[in-house]
2 protein chains.
Amino acid sequence: MQLTLKPEVLSAESFAPFGELVSVRGKPIMINNGTTERYHNLGQVTLGNSEQMGQGILSIFRAQPRTLPMTINMMERHPLGSQAFLPSSAEPYLVLVCLSHQVNGEEQPDPNSLKLFLASGDEGVNYKANCWHHPLLALNQVSDFWIVDRIGPGNNLEEFFFPDDWEIVIDL
Amino acid sequence: MQLTLKPEVLSAESFAPFGELVSVRGKPIMINNGTTERYHNLGQVTLGNSEQMGQGILSIFRAQPRTLPMTINMMERHPLGSQAFLPSSAEPYLVLVCLSHQVNGEEQPDPNSLKLFLASGDEGVNYKANCWHHPLLALNQVSDFWIVDRIGPGNNLEEFFFPDDWEIVIDL
C-alpha cells in the first residue's frame with residue numbers, strides 16, 4: 001500500500017459520510033431581538049447508547065503544527081460518542097478521515113477510502129461516533145480548538161496502526 | 001432600581017455561581033503522541049432530566065456589536081440545558097449574569113446579584129441550566145461564536161422583562 005493524499009474541497013456534502021461540517025451556511029434564524037443570526041443545529045452531540053450513556057464535555061486542545069509532507073501511521077475512532085473540533089485560533093488545519101471495512105472479522109480503517117480535507121479557521125468538524133480519523137493536524141502555528149466530546153462508561157477509543165510496509169503520505 | 005454595571009474580572013472562581021469558564025488553565029493532559037495538550041473537561045453539557053432529556057447540538061451565533069453605554073431591559077434562562085458560547089472570532093465580549101430569587105412565588109433575576117464580566121476572545125463561557133443571563137453582547141465588530149446547547153421536549157426558555165422604572169445600564 002502506497003498512497004499520497006492531497007486535500008480535497010471540504011463541504012457539508014463531501015464530509016457527510018464522516019460527520020458534520022460546522023460552518024456558517026444556509027438561512028439563519030434571527031434571535032436576540034434581531035441582533036444575532038443563529039445558524040441552527042449544524043451538528044449533533046452523541047453520547048452513547050442506553051447501556052453506556054456518557055456525559056458531554058467541553059475541553060480545549062492546543063496542537064503543535066505539523067511539518068508536511070507527513071507520513072501517517074495510524075487512525076483512531078470513538079465508538080460511543082461524537083467529537084467536535086471548533087477552531088479558536090482561526091488557523092487552517094487538516095482533517096483526515098476514512099470509512100471502515102472488515103478484515104478477517106476485524107473492523108479497520110479502509111485505506112482506499114481515505115479523504116484529506118483542508119479546513120479553514122472558521123470551519124469546525126464534528127466526527128460521528130465510530131468515524132475513523134487521524135489525531136489533530138494543525139498547520140502553520142500552535143493552534144487551539146474547542147472540543148466537544150464525551151466521558152463515561154465503556155471503551156470510547158480504538159486505535160489502528162498501519163502495517164510497517166504501508167506508506168501513506170499527506171501533503172498540501 | 002437604578003444601577004450602572006462595569007465589568008469585573010472573569011475567572012473560573014468568579015464565574016462559578018453561573019457556570020464554567022472555558023479557558024486554557026491548569027495542567028494539560030498530553031495526547032496525540034505528544035503533539036497536543038488537552039485541557040480536559042472544562043465544562044459539562046447538561047441536557048435535561050430523565051423525564052425531559054434533550055439532544056446536544058452545535059450551532060453558530062453571528063452577533064452584531066452593541067453600542068455602550070447600553071440599557072438592559074431583560075434577562076433569560078434555559079431551565080433544561082446548559083449553553084456554551086465559545087468565540088470563533090477572537091473578539092472580546094460581555095457576559096451579564098445574575099442569580100435567581102423569588103418574588104411573590106415567581107422566580108426572577110435578582111438585580112442585586114447582577115455581574116458583568118469582560119471575556120476575551122480566547123475565553124468561552126458555559127451557562128449552567130437555569131442561570132439567568134443576557135443575550136449575547138458582542139463588542140467592536142460582528143462576532144461569531146460556536147454554541148453548544150440543547151434541543152428537545154419541554155420549555156427551555158424563560159424570559160423576564162424588567163419593570164419600566166428600572167434603569168440598568170452597562171458600560172465599560
# chains A, B, ... in the order shown; residues from 1 in each chain; ligands from 1
$ residues_around --residues "stretch 62-65 of chain B" --least-positions-apart "4" --cutoff "8 Å" --atoms "only C-alpha atoms" --output "PDB file with C-alpha atoms, in the first residue's frame"
ATOM      1  CA  THR A  35     -29.099  41.321  16.960  1.00  0.00           C
ATOM      2  CA  THR A  36     -27.966  37.725  16.351  1.00  0.00           C
ATOM      3  CA  GLU A  37     -28.151  35.237  13.494  1.00  0.00           C
ATOM      4  CA  ARG A  38     -28.468  31.640  14.704  1.00  0.00           C
TER       5      ARG A  38
ATOM      6  CA  LEU B 136     -25.106  37.724  23.579  1.00  0.00           C
ATOM      7  CA  LEU B 137     -23.264  41.047  23.919  1.00  0.00           C
ATOM      8  CA  ALA B 138     -20.643  41.330  21.184  1.00  0.00           C
ATOM      9  CA  LEU B 139     -18.332  44.336  21.114  1.00  0.00           C
ATOM     10  CA  ASN B 140     -16.316  46.177  18.456  1.00  0.00           C
ATOM     11  CA  GLN B 141     -17.459  44.198  15.391  1.00  0.00           C
ATOM     12  CA  VAL B 142     -19.663  41.375  14.126  1.00  0.00           C
ATOM     13  CA  SER B 143     -18.516  38.322  16.101  1.00  0.00           C
ATOM     14  CA  ASP B 144     -19.108  34.603  15.632  1.00  0.00           C
ATOM     15  CA  PHE B 145     -19.473  32.080  18.424  1.00  0.00           C
TER      16      PHE B 145
END
$ residues_around --residues "A:Ser11" --least-positions-apart "2" --cutoff "12 Å" --atoms "only C-alpha atoms" --output "JSON, numbers by chain"
{"A": [8, 9, 13, 14, 15, 16, 17, 18, 19, 20, 21, 22, 23, 24, 25, 117, 118, 119, 120, 123, 124, 125]}
$ write_last_selection --atoms "N, CA, C and O atoms" --output "CSV table (one decimal), in the first residue's frame"
chain,number,residue,atom,x,y,z
A,8,GLU,N,-8.8,17.6,-0.4
A,8,GLU,CA,-10.0,17.9,-1.3
A,8,GLU,C,-10.8,19.0,-0.7
A,8,GLU,O,-10.6,19.5,0.4
A,9,VAL,N,-11.8,19.5,-1.5
A,9,VAL,CA,-12.6,20.6,-1.0
A,9,VAL,C,-13.5,20.1,0.1
A,9,VAL,O,-14.2,19.0,-0.1
A,13,GLU,N,-21.5,18.3,2.2
A,13,GLU,CA,-21.8,17.1,1.4
A,13,GLU,C,-20.6,16.2,1.4
A,13,GLU,O,-20.8,15.0,1.6
A,14,SER,N,-19.4,16.7,1.1
A,14,SER,CA,-18.3,15.8,1.0
A,14,SER,C,-17.9,15.2,2.3
A,14,SER,O,-17.3,14.1,2.4
A,15,PHE,N,-18.2,15.9,3.4
A,15,PHE,CA,-17.9,15.5,4.8
A,15,PHE,C,-19.0,14.6,5.4
A,15,PHE,O,-18.7,13.9,6.4
A,16,ALA,N,-20.1,14.6,4.8
A,16,ALA,CA,-21.3,13.9,5.4
A,16,ALA,C,-21.1,12.4,5.8
A,16,ALA,O,-21.6,12.0,6.8
A,17,PRO,N,-20.3,11.6,5.0
A,17,PRO,CA,-20.1,10.2,5.4
A,17,PRO,C,-19.3,10.1,6.8
A,17,PRO,O,-19.3,9.0,7.4
A,18,PHE,N,-18.7,11.2,7.2
A,18,PHE,CA,-17.8,11.1,8.3
A,18,PHE,C,-18.4,11.9,9.5
A,18,PHE,O,-17.9,11.7,10.7
A,19,GLY,N,-19.3,12.8,9.3
A,19,GLY,CA,-19.8,13.7,10.3
A,19,GLY,C,-20.4,14.9,9.7
A,19,GLY,O,-20.8,15.0,8.6
A,20,GLU,N,-20.4,16.0,10.5
A,20,GLU,CA,-20.9,17.3,10.1
A,20,GLU,C,-19.9,18.4,10.0
A,20,GLU,O,-19.1,18.5,10.9
A,21,LEU,N,-20.0,19.1,8.9
A,21,LEU,CA,-19.2,20.4,8.8
A,21,LEU,C,-20.0,21.4,9.6
A,21,LEU,O,-21.2,21.6,9.4
A,22,VAL,N,-19.3,22.1,10.5
A,22,VAL,CA,-20.0,23.2,11.4
A,22,VAL,C,-19.5,24.5,10.8
A,22,VAL,O,-18.3,24.9,11.1
A,23,SER,N,-20.3,25.1,10.0
A,23,SER,CA,-19.9,26.4,9.4
A,23,SER,C,-21.1,27.2,9.1
A,23,SER,O,-22.2,26.7,9.0
A,24,VAL,N,-20.9,28.5,8.8
A,24,VAL,CA,-22.0,29.4,8.5
A,24,VAL,C,-22.5,29.1,7.1
A,24,VAL,O,-21.7,29.2,6.1
A,25,ARG,N,-23.7,28.7,7.0
A,25,ARG,CA,-24.3,28.4,5.7
A,25,ARG,C,-25.8,28.3,5.9
A,25,ARG,O,-26.3,28.1,7.0
A,117,PHE,N,-9.0,16.6,3.9
A,117,PHE,CA,-9.7,17.9,3.7
A,117,PHE,C,-8.9,19.0,4.3
A,117,PHE,O,-8.3,18.8,5.4
A,118,LEU,N,-8.8,20.1,3.7
A,118,LEU,CA,-8.3,21.4,4.3
A,118,LEU,C,-9.4,22.2,4.8
A,118,LEU,O,-10.3,22.7,4.0
A,119,ALA,N,-9.4,22.4,6.1
A,119,ALA,CA,-10.5,23.2,6.8
A,119,ALA,C,-9.9,24.6,7.1
A,119,ALA,O,-8.8,24.7,7.5
A,120,SER,N,-10.8,25.6,6.9
A,120,SER,CA,-10.3,26.9,7.2
A,120,SER,C,-10.6,27.2,8.7
A,120,SER,O,-11.3,26.4,9.4
A,123,GLU,N,-14.2,27.0,10.1
A,123,GLU,CA,-14.9,25.7,9.8
A,123,GLU,C,-14.6,24.7,10.9
A,123,GLU,O,-13.4,24.4,11.1
A,124,GLY,N,-15.6,24.2,11.6
A,124,GLY,CA,-15.5,23.1,12.5
A,124,GLY,C,-15.9,21.8,11.9
A,124,GLY,O,-16.6,21.8,10.9
A,125,VAL,N,-15.4,20.7,12.5
A,125,VAL,CA,-15.9,19.4,12.1
A,125,VAL,C,-16.3,18.6,13.3
A,125,VAL,O,-15.8,18.8,14.4
$ select_by_dssp --residues "stretch 9-117 of chain A" --states "strand (DSSP E or B)" --output "number ranges by chain"
A: 19-22, 29-31, 36-45, 48, 53, 55-63, 65, 70-72, 74-77, 83-87, 93-98, 100-103, 106-109, 115-117
$ closest_residue --among "B:Leu99, B:Cys131, B:Ile151, B:Met53" --to "chain A" --atoms "only C-alpha atoms"
B:Ile151
$ residues_around --residues "A:Gln52" --least-positions-apart "6" --cutoff "10 Å" --atoms "only C-alpha atoms" --output "list in words"
Leu80, Gly152, Pro153, Gly154 and Asn155 of chain A
$ decode --residues "stretch 8-130 of chain B" --atoms "C-alpha atoms" --output "CSV table (one decimal), in the first residue's frame"
chain,number,residue,atom,x,y,z
B,8,GLU,CA,-15.5,42.6,36.7
B,9,VAL,CA,-12.5,40.3,36.3
B,10,LEU,CA,-13.6,37.0,34.8
B,11,SER,CA,-12.1,33.9,36.4
B,12,ALA,CA,-13.2,30.3,36.9
B,13,GLU,CA,-13.9,31.2,40.5
B,14,SER,CA,-15.9,34.4,39.9
B,15,PHE,CA,-18.0,32.8,37.2
B,16,ALA,CA,-18.6,29.5,39.2
B,17,PRO,CA,-22.0,30.5,40.5
B,18,PHE,CA,-23.2,30.9,36.9
B,19,GLY,CA,-21.4,28.1,35.1
B,20,GLU,CA,-17.9,27.3,33.8
B,21,LEU,CA,-15.2,29.4,32.3
B,22,VAL,CA,-13.8,27.5,29.3
B,23,SER,CA,-10.2,28.7,29.0
B,24,VAL,CA,-6.6,27.3,28.9
B,25,ARG,CA,-5.6,26.9,32.5
B,26,GLY,CA,-4.1,24.2,34.8
B,27,LYS,CA,-2.1,21.3,33.7
B,28,PRO,CA,-3.0,19.7,30.4
B,29,ILE,CA,-3.0,16.0,29.5
B,30,MET,CA,-0.5,15.3,26.7
B,31,ILE,CA,-2.2,13.3,23.9
B,32,ASN,CA,-1.8,12.5,20.2
B,33,ASN,CA,1.8,11.2,20.7
B,34,GLY,CA,2.8,14.4,22.5
B,35,THR,CA,1.7,16.8,19.8
B,36,THR,CA,-1.4,18.1,21.6
B,37,GLU,CA,-2.2,19.5,25.1
B,38,ARG,CA,-5.7,18.5,26.2
B,39,TYR,CA,-7.2,20.9,28.8
B,40,HIS,CA,-9.7,18.4,29.9
B,41,ASN,CA,-13.4,18.7,30.9
B,42,LEU,CA,-13.5,22.5,31.4
B,43,GLY,CA,-17.4,22.5,31.2
B,44,GLN,CA,-20.2,20.0,31.2
B,45,VAL,CA,-23.0,19.8,28.7
B,46,THR,CA,-26.3,19.2,30.5
B,47,LEU,CA,-29.4,18.2,28.6
B,48,GLY,CA,-32.3,17.9,31.0
B,49,ASN,CA,-33.7,15.3,33.4
B,50,SER,CA,-34.9,11.8,33.0
B,51,GLU,CA,-38.4,13.0,32.0
B,52,GLN,CA,-37.3,15.7,29.6
B,53,MET,CA,-33.9,14.6,28.2
B,54,GLY,CA,-32.8,16.5,25.2
B,55,GLN,CA,-30.1,16.3,22.5
B,56,GLY,CA,-26.9,18.3,22.5
B,57,ILE,CA,-26.4,20.4,19.3
B,58,LEU,CA,-23.7,22.6,17.7
B,59,SER,CA,-24.7,25.9,16.2
B,60,ILE,CA,-23.1,29.2,15.3
B,61,PHE,CA,-24.3,32.6,16.5
B,62,ARG,CA,-23.3,35.7,14.5
B,63,ALA,CA,-23.7,38.7,16.7
B,64,GLN,CA,-24.0,42.4,15.9
B,65,PRO,CA,-21.8,44.6,18.1
B,66,ARG,CA,-23.5,46.6,20.8
B,67,THR,CA,-23.1,50.3,21.5
B,68,LEU,CA,-22.2,51.3,25.1
B,69,PRO,CA,-23.5,52.5,27.4
B,70,MET,CA,-26.5,50.2,26.9
B,71,THR,CA,-29.7,49.9,28.9
B,72,ILE,CA,-30.6,46.3,29.9
B,73,ASN,CA,-34.3,45.5,30.0
B,74,MET,CA,-34.4,41.7,30.2
B,75,MET,CA,-32.7,38.5,31.2
B,76,GLU,CA,-33.3,34.9,30.0
B,77,ARG,CA,-32.5,31.4,31.1
B,78,HIS,CA,-32.7,27.8,29.9
B,79,PRO,CA,-34.2,25.6,32.6
B,80,LEU,CA,-33.4,22.3,30.9
B,81,GLY,CA,-29.9,22.6,29.5
B,82,SER,CA,-26.5,24.3,29.6
B,83,GLN,CA,-25.5,26.8,26.9
B,84,ALA,CA,-21.9,27.4,25.9
B,85,PHE,CA,-20.5,30.4,24.0
B,86,LEU,CA,-17.1,29.7,22.5
B,87,PRO,CA,-15.6,32.6,20.5
B,88,SER,CA,-14.7,31.9,16.9
B,89,SER,CA,-13.7,35.5,16.0
B,90,ALA,CA,-11.2,36.0,18.9
B,91,GLU,CA,-13.1,39.2,19.8
B,92,PRO,CA,-13.8,40.2,23.4
B,93,TYR,CA,-17.4,40.2,24.5
B,94,LEU,CA,-19.5,41.0,27.6
B,95,VAL,CA,-21.2,38.4,29.9
B,96,LEU,CA,-24.1,39.6,32.1
B,97,VAL,CA,-25.4,37.1,34.6
B,98,CYS,CA,-27.3,37.0,37.9
B,99,LEU,CA,-28.7,34.7,40.5
B,100,SER,CA,-32.4,34.0,40.9
B,101,HIS,CA,-34.7,35.0,43.7
B,102,GLN,CA,-38.4,34.5,44.4
B,103,VAL,CA,-40.8,37.4,44.2
B,104,ASN,CA,-44.5,36.6,45.1
B,105,GLY,CA,-43.7,33.0,44.4
B,106,GLU,CA,-42.2,33.7,41.0
B,107,GLU,CA,-38.6,33.0,40.1
B,108,GLN,CA,-37.0,36.2,38.8
B,109,PRO,CA,-33.5,37.6,38.1
B,110,ASP,CA,-32.2,39.1,41.3
B,111,PRO,CA,-30.9,42.6,40.2
B,112,ASN,CA,-28.7,43.0,43.2
B,113,SER,CA,-26.7,39.9,42.1
B,114,LEU,CA,-26.1,41.1,38.6
B,115,LYS,CA,-22.4,40.6,37.5
B,116,LEU,CA,-20.9,42.0,34.3
B,117,PHE,CA,-17.8,40.3,33.0
B,118,LEU,CA,-15.5,41.2,30.1
B,119,ALA,CA,-14.4,38.0,28.4
B,120,SER,CA,-11.5,37.9,26.0
B,121,GLY,CA,-11.7,36.2,22.6
B,122,ASP,CA,-10.0,33.1,23.9
B,123,GLU,CA,-12.4,32.6,26.8
B,124,GLY,CA,-15.6,30.7,26.5
B,125,VAL,CA,-18.5,30.6,29.0
B,126,ASN,CA,-20.8,27.7,29.7
B,127,TYR,CA,-24.0,28.8,31.4
B,128,LYS,CA,-25.5,26.3,33.8
B,129,ALA,CA,-29.1,25.3,33.2
B,130,ASN,CA,-31.3,27.9,34.9
